[in-house]
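Data block below; observations after.
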Amino acid sequence: GEGEKECITDISYNSERGYLAIAQEKGYQIWNMKTFCKIYESYNNDISLYDNFIEFSGDGKYFITLKNDARTLVMIRTEDYQEMWCIRQKEEESIKSGIFSKSGKYIATVSWGCIRIYNVDNKKCEQIVKGHSANFSADDKYVVTALSDNMAGIWDVKSGKCTGILQENKQSYIKKESFVFDAEQERMRSCLGHTAEVLTADFSVDGRHIITASLDGLVMIWDVDTCTVVDTLYMLAGKTGVNINGVNMSNLHPDSQVSDEDRLLLKQYGVILN
């Protein structure tokens with residue numbers, strides 16, 4: 001069909017149904033991965049959306065994607081592909097991505113510097129927080145966002161208040177300048193926070209830790225209660241991004257292979273299950 005010639009802009013897999021959703025410039029496709037058959041497609045966008053995205057809810061009953069322009073998000077029922085809800089944002093707020101909370105109760109739209117949290121039940125925007133990427137905790141109580149100035153923030157979903165900032169502890173770094181060995185100095189520095197833009201952040205499965213990935217080439221694990229770094233994974237600098245959603249890892253730079261040691265570390269902190 002017409003859409004098969006378009007670039008793929010995003011994918012989402014739902015294990016509950018065994019469905020793979022593929023976003024393209026002017027629409028999307030749904031595939032049944034148990035039969036490897038395409039079961040639905042739609043190409044209704046008037047213009048090409050080169051940043052189009054798609055994501056299933058946790059139970060696979062719904063998915064979200066862009067429609068017609070970068071300011072309009074639609075929630076579609078998987079059973080019959082009916083549009084259940086349309087979110088249209090301000091002209092200056094192009095939506096770069098959208099995510100469901102773990103239970104499906106909330107949808108967050110991510111624009112550059114602005115994240116809106118919508119309640120799926122009452123169809124209202126309940127909170128607006130800062131950031132350029134977002135992920136919910138497993139209990140839907142908090143959302144963590146990547147911020148400017150090499151930081152990440154933790155926000156209470158109900159109140160919209162910031163409950164914690166993950167940032168470099170420069171004061172502690174100054175105290176560590178007396179170390180003699182460069183290797184030890186670097187190890188201590190990397191336990192103090194990121195020194196470049198944070199690309200993404202996510203909660204561990206148990207909610208006790210947050211993992212962040214940054215342009216400084218480091219992946220850091222933070223304690224949620226103290227907002228301090230408890231461990232650092234040394235990745236390759238200059239990667240395009242990392243996304244760790246609690247059960248798997250994707251979007252790593254092709255040359256950034258996670259070592260067995262680091263994978264055990266991630267498992268220890270509840271970031272991945274296997």
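Convention: chains lettered A, B, ... in structure tokens order; per-chain residue numbering from 1; ligands numbered from 1 as shown.
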Inset, instruction - May I have the residues within 8 Å of Ser103 of chain A as a list in words, using only C-alpha atoms and disregarding those fewer than 4 positions away in the same chain? - result: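 Residues meeting the cut-off are Ser57, Gly58, Ala138, Asp139 and Asp140 of chain A.
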Inset, instruction - Pick out the residues sitting within 8 Å of Trp85 of chain A, and hand them over as a ChimeraX atom specification; count only C-alpha atoms, and ignore anything fewer than 3 positions along from it in its own chain. - result: /A:74-76,123
How would the residues just picked look written out with N, CA and C atoms as a PDB file, in the first residue's frame?
```
ATOM      1  N   VAL A  74      -4.382  11.535  19.203  1.00  0.00           N
ATOM      2  CA  VAL A  74      -5.630  10.789  19.307  1.00  0.00           C
ATOM      3  C   VAL A  74      -5.399   9.499  20.083  1.00  0.00           C
ATOM      4  N   MET A  75      -6.407   9.143  20.895  1.00  0.00           N
ATOM      5  CA  MET A  75      -6.414   7.853  21.585  1.00  0.00           C
ATOM      6  C   MET A  75      -7.397   6.949  20.849  1.00  0.00           C
ATOM      7  N   ILE A  76      -6.920   5.799  20.421  1.00  0.00           N
ATOM      8  CA  ILE A  76      -7.701   4.901  19.564  1.00  0.00           C
ATOM      9  C   ILE A  76      -7.921   3.570  20.275  1.00  0.00           C
ATOM     10  N   LYS A 123     -10.972  13.439  30.943  1.00  0.00           N
ATOM     11  CA  LYS A 123     -10.520  14.107  29.711  1.00  0.00           C
ATOM     12  C   LYS A 123     -10.012  15.533  29.974  1.00  0.00           C
TER      13      LYS A 123
END
```
Inset, instruction - Find the spatial neighbours of segment 111-114 of chain A, counting only C-alpha atoms, within a cut-off of 8 Å - ignore same-chain residues fewer than 6 positions away - and output them as an MDAnalysis selection string. - result: chainID A and resid 93:97 128:132 147
Please produce an output containing C-alpha atoms for each residue in the selection, written as a CSV table (one decimal), in the first residue's frame.
```
chain,number,residue,atom,x,y,z
A,93,GLU,CA,3.3,23.3,21.7
A,94,SER,CA,4.1,20.6,19.1
A,95,ILE,CA,3.9,17.2,20.7
A,96,LYS,CA,7.2,15.3,20.4
A,97,SER,CA,6.0,12.2,22.2
A,128,ILE,CA,1.6,21.0,33.6
A,129,VAL,CA,5.3,20.3,34.6
A,130,LYS,CA,8.6,21.1,33.1
A,131,GLY,CA,10.8,18.8,31.0
A,132,HIS,CA,11.5,17.3,27.6
A,147,LEU,CA,15.2,18.9,32.5
```
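Distances to Cys227 of chain A were evaluated for A:Ile11, A:Val198, A:Val144, A:Ile165 using only C-alpha atoms, and the minimum falls at A:Ile165.
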Legend entry - Counting only C-alpha atoms, the residue of A:Ile47, A:Cys86, A:Val230, A:Leu192 that sits nearest Met151 of chain A: A:Leu192
Inset, instruction - Find, counting only C-alpha atoms, the residue in A:Leu199, A:Cys37, A:Val143, A:Ile107 that gets nearest to Leu215 of chain A. - result: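 Among the listed residues, the smallest separation from Leu215 of chain A belongs to A:Leu199.
What separates atom CA of Leu166 of chain A from atom CA of Ile117 of chain A is a distance of 20.8 Å.
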